[in-house]
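A.B. asks: Structure: structure_7.cif, mmCIF, C-alpha atoms.
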```cif
data_run
loop_
_atom_site.label_atom_id
_atom_site.label_comp_id
_atom_site.auth_asym_id
_atom_site.auth_seq_id
_atom_site.Cartn_x
_atom_site.Cartn_y
_atom_site.Cartn_z
CA MET A 1 148.88 119.61 177.96
CA LYS A 2 145.25 120.21 177.11
CA PRO A 3 145.79 123.62 175.39
CA ILE A 4 148.47 122.09 173.14
CA LEU A 5 146.14 119.23 172.21
CA THR A 6 143.37 121.71 171.43
CA ALA A 7 145.68 123.82 169.29
CA THR A 8 146.83 120.69 167.44
CA VAL A 9 143.25 119.64 166.75
CA ILE A 10 142.33 123.14 165.56
CA ALA A 11 145.39 123.25 163.30
CA ALA A 12 144.52 119.84 161.84
CA LEU A 13 140.92 120.87 161.20
CA PHE A 14 142.03 124.12 159.59
CA ALA A 15 144.52 122.30 157.34
CA ALA A 16 141.90 119.74 156.34
CA GLY A 17 139.57 122.55 155.27
CA LEU A 18 142.09 124.36 153.06
CA PRO A 19 141.52 122.45 149.81
CA ALA A 20 137.78 123.15 149.86
CA ALA A 21 138.38 126.84 150.57
CA ALA A 22 141.19 127.09 148.01
CA GLN A 23 138.93 126.86 144.98
CA ASN A 24 135.44 127.89 144.01
CA ALA A 25 133.46 124.85 142.84
CA GLY A 26 130.65 127.03 141.47
CA GLN A 27 133.05 129.02 139.32
CA ILE A 28 134.69 125.82 138.07
CA ALA A 29 131.27 124.42 137.13
CA ARG A 30 130.43 127.65 135.27
CA VAL A 31 133.61 127.42 133.20
CA ARG A 32 132.98 123.73 132.46
CA GLY A 33 129.55 124.81 131.24
CA GLY A 34 131.09 127.31 128.84
CA ALA A 35 130.88 130.58 130.77
CA SER A 36 133.69 133.11 130.90
CA CYS A 37 134.99 133.78 134.37
CA ALA A 38 137.59 136.58 134.50
CA GLY A 39 139.33 136.77 137.87
CA CYS A 40 137.79 133.50 139.10
CA ASN A 41 139.40 131.07 141.52
CA LEU A 42 139.88 127.90 139.47
CA PHE A 43 142.70 126.51 141.62
CA GLN A 44 143.28 122.81 140.86
CA ALA A 45 140.26 122.74 138.52
CA ASP A 46 139.86 119.64 136.39
CA LEU A 47 139.22 121.12 132.96
CA SER A 48 140.80 118.22 131.09
CA GLY A 49 139.12 117.51 127.78
CA LEU A 50 137.09 120.74 127.97
CA GLU A 51 136.07 122.04 124.53
CA ARG A 52 135.25 125.75 124.74
CA ARG A 53 136.20 128.62 122.46
CA GLY A 54 136.67 132.28 123.25
CA LEU A 55 136.40 132.15 127.05
CA ASN A 56 137.61 135.10 129.09
CA LEU A 57 139.71 133.76 131.97
CA SER A 58 141.83 136.90 132.30
CA GLY A 59 143.28 137.28 135.76
CA ALA A 60 141.90 133.91 136.87
CA ARG A 61 143.72 131.69 139.32
CA LEU A 62 144.25 128.41 137.45
CA ARG A 63 147.25 127.28 139.47
CA GLN A 64 147.69 123.48 139.34
CA ALA A 65 144.67 123.12 137.04
CA ASP A 66 144.44 120.23 134.60
CA LEU A 67 143.93 121.45 131.03
CA SER A 68 145.15 118.22 129.43
CA LEU A 69 143.62 117.57 126.01
CA ALA A 70 141.46 120.69 126.36
CA VAL A 71 140.51 122.61 123.22
CA MET A 72 140.34 126.26 124.26
CA ASN A 73 141.04 128.27 121.11
CA ARG A 74 140.96 132.06 121.37
CA THR A 75 140.72 131.94 125.17
CA ARG A 76 141.99 134.93 127.15
CA PHE A 77 144.40 133.85 129.88
CA SER A 78 146.01 137.30 130.13
CA ASN A 79 147.48 138.07 133.56
CA ALA A 80 146.22 134.70 134.86
CA ASP A 81 148.03 132.50 137.39
CA LEU A 82 148.82 129.32 135.42
CA ARG A 83 151.67 128.10 137.62
CA ASP A 84 152.08 124.32 137.65
CA VAL A 85 149.28 123.82 135.08
CA GLU A 86 149.18 120.50 133.21
CA ALA A 87 148.14 121.20 129.61
CA TYR A 88 149.43 118.05 127.88
CA GLY A 89 148.12 117.84 124.31
CA GLY A 90 145.92 120.93 124.72
CA VAL A 91 144.87 123.10 121.79
CA PHE A 92 145.12 126.83 122.49
CA SER A 93 145.45 128.41 119.04
CA GLY A 94 144.96 132.15 119.05
CA SER A 95 144.79 132.23 122.86
CA ASN A 96 146.18 135.17 124.83
CA PHE A 97 148.69 134.36 127.58
CA SER A 98 150.00 137.96 127.78
CA GLY A 99 151.30 138.77 131.24
CA ALA A 100 150.34 135.31 132.55
CA ASN A 101 152.50 133.45 135.04
CA LEU A 102 153.18 130.03 133.48
CA THR A 103 155.96 129.02 135.89
CA ASN A 104 156.53 125.24 135.83
CA ALA A 105 153.54 124.62 133.54
CA SER A 106 153.59 121.67 131.15
CA PHE A 107 152.49 122.24 127.57
CA VAL A 108 153.97 118.99 126.26
CA GLY A 109 152.54 118.30 122.81
CA ALA A 110 150.28 121.38 122.97
CA TYR A 111 149.16 123.31 119.90
CA LEU A 112 149.80 127.02 120.52
CA GLU A 113 149.82 128.44 116.99
CA GLY A 114 148.96 132.14 116.99
CA ALA A 115 148.97 132.33 120.81
CA SER A 116 150.32 135.52 122.37
CA PHE A 117 152.93 135.33 125.13
CA ALA A 118 153.86 139.03 125.45
CA GLY A 119 155.18 139.62 128.96
CA ALA A 120 154.38 136.07 130.12
CA THR A 121 156.58 134.37 132.71
CA LEU A 122 157.91 131.15 131.16
CA THR A 123 160.30 129.99 133.88
CA GLY A 124 160.37 126.19 134.01
CA VAL A 125 157.69 125.73 131.31
CA ASN A 126 157.98 122.43 129.42
CA PHE A 127 157.17 122.98 125.74
CA GLY A 128 158.36 119.52 124.65
CA GLY A 129 156.75 118.69 121.30
CA ALA A 130 154.64 121.87 121.38
CA SER A 131 153.79 123.78 118.24
CA LEU A 132 154.58 127.49 118.66
CA GLU A 133 155.71 128.43 115.14
CA ARG A 134 153.21 131.28 114.76
CA ALA A 135 153.10 132.28 118.44
CA THR A 136 153.82 135.93 119.19
CA GLY A 137 155.48 137.76 122.07
CA LEU A 138 158.14 135.10 122.63
CA THR A 139 161.64 136.34 123.33
CA GLN A 140 164.88 134.40 123.45
CA ALA A 141 165.46 135.56 127.04
CA ARG A 142 162.12 134.12 128.19
CA LEU A 143 162.52 130.92 126.18
CA ASP A 144 165.95 130.42 127.77
CA ARG A 145 164.09 129.91 131.08
CA ALA A 146 161.78 127.25 129.56
CA CYS A 147 162.61 123.94 127.91
CA GLY A 148 161.58 121.81 124.97
CA ASP A 149 162.87 119.02 122.77
CA GLU A 150 163.69 118.26 119.14
CA ALA A 151 159.95 118.16 118.32
CA THR A 152 159.26 121.66 119.71
CA ARG A 153 158.37 124.06 116.88
CA LEU A 154 159.29 127.73 117.46
CA PRO A 155 159.14 130.94 115.46
CA ARG A 156 162.10 131.41 113.13
CA GLY A 157 165.26 132.62 114.87
CA LEU A 158 164.32 131.37 118.35
CA SER A 159 165.63 128.32 120.19
CA ILE A 160 164.85 126.57 123.46
CA PRO A 161 167.03 124.59 125.88
CA ARG A 162 166.43 120.84 126.01
CA CYS A 163 164.49 119.46 128.97
#
```
Please, can you express the file's structure as structure tokens?

C.D. replies:
Amino acid sequence: MKPILTATVIAALFAAGLPAAAQNAGQIARVRGGASCAGCNLFQADLSGLERRGLNLSGARLRQADLSLAVMNRTRFSNADLRDVEAYGGVFSGSNFSGANLTNASFVGAYLEGASFAGATLTGVNFGGASLERATGLTQARLDRACGDEATRLPRGLSIPRC
């Protein structure tokens, strides 16, 4: 019985330590301070309300990060992991999401004018009320995997399923 108890305790300690090891607090602090951080581990970072322009977060891991009400114009998110991101009301005009994985992200009410989505994965993305009229790189096939509502603004000729 003792080896099983020891293994259980070790497993519990390991599991308890995962959240701290899953992100890099120093890298998150640098981005909050306005530094670019390409390829950084920003998993579950709270960047809500952040106001920074022109950051390079290419290839960064932003999975489950909170970008709500952030103003991050002209930020490079190319090839970044943005799965399950919450970006409610964020402003990302001119930002580059090319090749990014946005699976299940929420951009409800976000301003994405002039943003590039070439090659981005949009499966399960909620664009309800988002402004994408001048966004580039959107295709009907990719938008068919996302959803929006009557307030979603898209480039001419494109449509989006309702959430």

A.B. asks: Pick out the closest residue to Gly54 in chain A from this set: A:Pro161, A:Asn104, A:Phe92, A:Ile28. Count all atoms listed in the file.

C.D. replies: A:Phe92

A.B. asks: In the coordinate frame of the file, compute which residues have an atom within 12 Å of (140.0, 120.5, 130.5) when using only C-alpha atoms, and state them as a PDB file with C-alpha atoms, in the frame of the given file.

C.D. replies:
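Below is the file that was written, result.pdb:
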```
ATOM      1  CA  ILE A  28     134.690 125.820 138.070  1.00  0.00           C
ATOM      2  CA  ALA A  29     131.270 124.420 137.130  1.00  0.00           C
ATOM      3  CA  VAL A  31     133.610 127.420 133.200  1.00  0.00           C
ATOM      4  CA  ARG A  32     132.980 123.730 132.460  1.00  0.00           C
ATOM      5  CA  GLY A  33     129.550 124.810 131.240  1.00  0.00           C
ATOM      6  CA  GLY A  34     131.090 127.310 128.840  1.00  0.00           C
ATOM      7  CA  LEU A  42     139.880 127.900 139.470  1.00  0.00           C
ATOM      8  CA  GLN A  44     143.280 122.810 140.860  1.00  0.00           C
ATOM      9  CA  ALA A  45     140.260 122.740 138.520  1.00  0.00           C
ATOM     10  CA  ASP A  46     139.860 119.640 136.390  1.00  0.00           C
ATOM     11  CA  LEU A  47     139.220 121.120 132.960  1.00  0.00           C
ATOM     12  CA  SER A  48     140.800 118.220 131.090  1.00  0.00           C
ATOM     13  CA  GLY A  49     139.120 117.510 127.780  1.00  0.00           C
ATOM     14  CA  LEU A  50     137.090 120.740 127.970  1.00  0.00           C
ATOM     15  CA  GLU A  51     136.070 122.040 124.530  1.00  0.00           C
ATOM     16  CA  ARG A  52     135.250 125.750 124.740  1.00  0.00           C
ATOM     17  CA  LEU A  62     144.250 128.410 137.450  1.00  0.00           C
ATOM     18  CA  ALA A  65     144.670 123.120 137.040  1.00  0.00           C
ATOM     19  CA  ASP A  66     144.440 120.230 134.600  1.00  0.00           C
ATOM     20  CA  LEU A  67     143.930 121.450 131.030  1.00  0.00           C
ATOM     21  CA  SER A  68     145.150 118.220 129.430  1.00  0.00           C
ATOM     22  CA  LEU A  69     143.620 117.570 126.010  1.00  0.00           C
ATOM     23  CA  ALA A  70     141.460 120.690 126.360  1.00  0.00           C
ATOM     24  CA  VAL A  71     140.510 122.610 123.220  1.00  0.00           C
ATOM     25  CA  MET A  72     140.340 126.260 124.260  1.00  0.00           C
ATOM     26  CA  VAL A  85     149.280 123.820 135.080  1.00  0.00           C
ATOM     27  CA  GLU A  86     149.180 120.500 133.210  1.00  0.00           C
ATOM     28  CA  ALA A  87     148.140 121.200 129.610  1.00  0.00           C
ATOM     29  CA  TYR A  88     149.430 118.050 127.880  1.00  0.00           C
ATOM     30  CA  GLY A  89     148.120 117.840 124.310  1.00  0.00           C
ATOM     31  CA  GLY A  90     145.920 120.930 124.720  1.00  0.00           C
ATOM     32  CA  VAL A  91     144.870 123.100 121.790  1.00  0.00           C
ATOM     33  CA  PHE A  92     145.120 126.830 122.490  1.00  0.00           C
TER      34      PHE A  92
END
```

A.B. asks: If we count all atoms listed in the file and set the cut-off at 8 Å, which residues sit around Ser36 in chain A, ignoring sequence neighbours fewer than 4 positions away in its own chain? Please answer as a PyMOL selection string.

C.D. replies: chain A and resi 30-31+55-57

A.B. asks: List, as number ranges by chain, every residue that the PyMOL selection byres ((chain A and resi 151) around 9) selects in the file provided.

C.D. replies: A: 109, 128-131, 148-150, 152-153

A.B. asks: Which residues come within 9 Å of range 77-81 of chain A, counting all atoms listed in the file, excluding same-chain residues fewer than 5 positions away, as a list in words?

C.D. replies: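 My reading of the contact set: Ala38, Gly39, Leu55, Asn56, Leu57, Ser58, Gly59, Ala60, Arg61, Leu62, Arg63, Ser95, Asn96, Phe97, Ser98, Gly99, Ala100, Asn101, Leu102, Thr103, Phe117 and Ala120 of chain A.
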
A.B. asks: CA of Arg162 in chain A and CA of Leu143 in chain A are how many Å apart?

C.D. replies: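 Computed distance, CA of Arg162 in chain A to CA of Leu143 in chain A, equals 10.8 Å.
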
A.B. asks: Apply the PyMOL selection byres ((chain A and resi 157) around 12) to the displayed file and report the matching residues as a PyMOL selection string.

C.D. replies: chain A and resi 133+138-140+143+153-156+158-160

A.B. asks: With all atoms listed in the file as the basis for distance, which of A:Gly124, A:Gln64, A:Arg76, A:Asp84 is at the shortest distance from Ala22 in chain A?

C.D. replies: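 Looking at the shortest contact to Ala22 in chain A, the residue is A:Gln64.
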
A.B. asks: Give me, please, the distance in Å between CA of Gly94 in chain A and CA of Ala146 in chain A, quoted to one decimal.

C.D. replies: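 Those two atoms sit 20.4 Å apart.
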
A.B. asks: Work out how far apart CA of Phe127 in chain A and CA of Ala35 in chain A are and give it in Å to one decimal.

C.D. replies: 27.8 Å

A.B. asks: Find the residue from A:Val108, A:Ala135, A:Ala115, A:Cys40 that sits nearest to Asn73 in chain A; use all atoms listed in the file when measuring.

C.D. replies: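 Smallest distance to Asn73 in chain A is found for A:Ala115.
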
A.B. asks: What's around Arg134 in chain A at 7 Å? Count all atoms listed in the file, leave out sequence neighbours fewer than 2 positions away in its own chain, and write the answer as a PyMOL selection string.

C.D. replies: chain A and resi 113-114+132+136+155

A.B. asks: Check the smallest atom-to-atom distance from each of A:Ala141, A:Phe107, A:Thr75, A:Arg53 to Val125 in chain A using all atoms listed in the file, then report the winner.

C.D. replies: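 The answer is A:Phe107, which sits nearest to Val125 in chain A.
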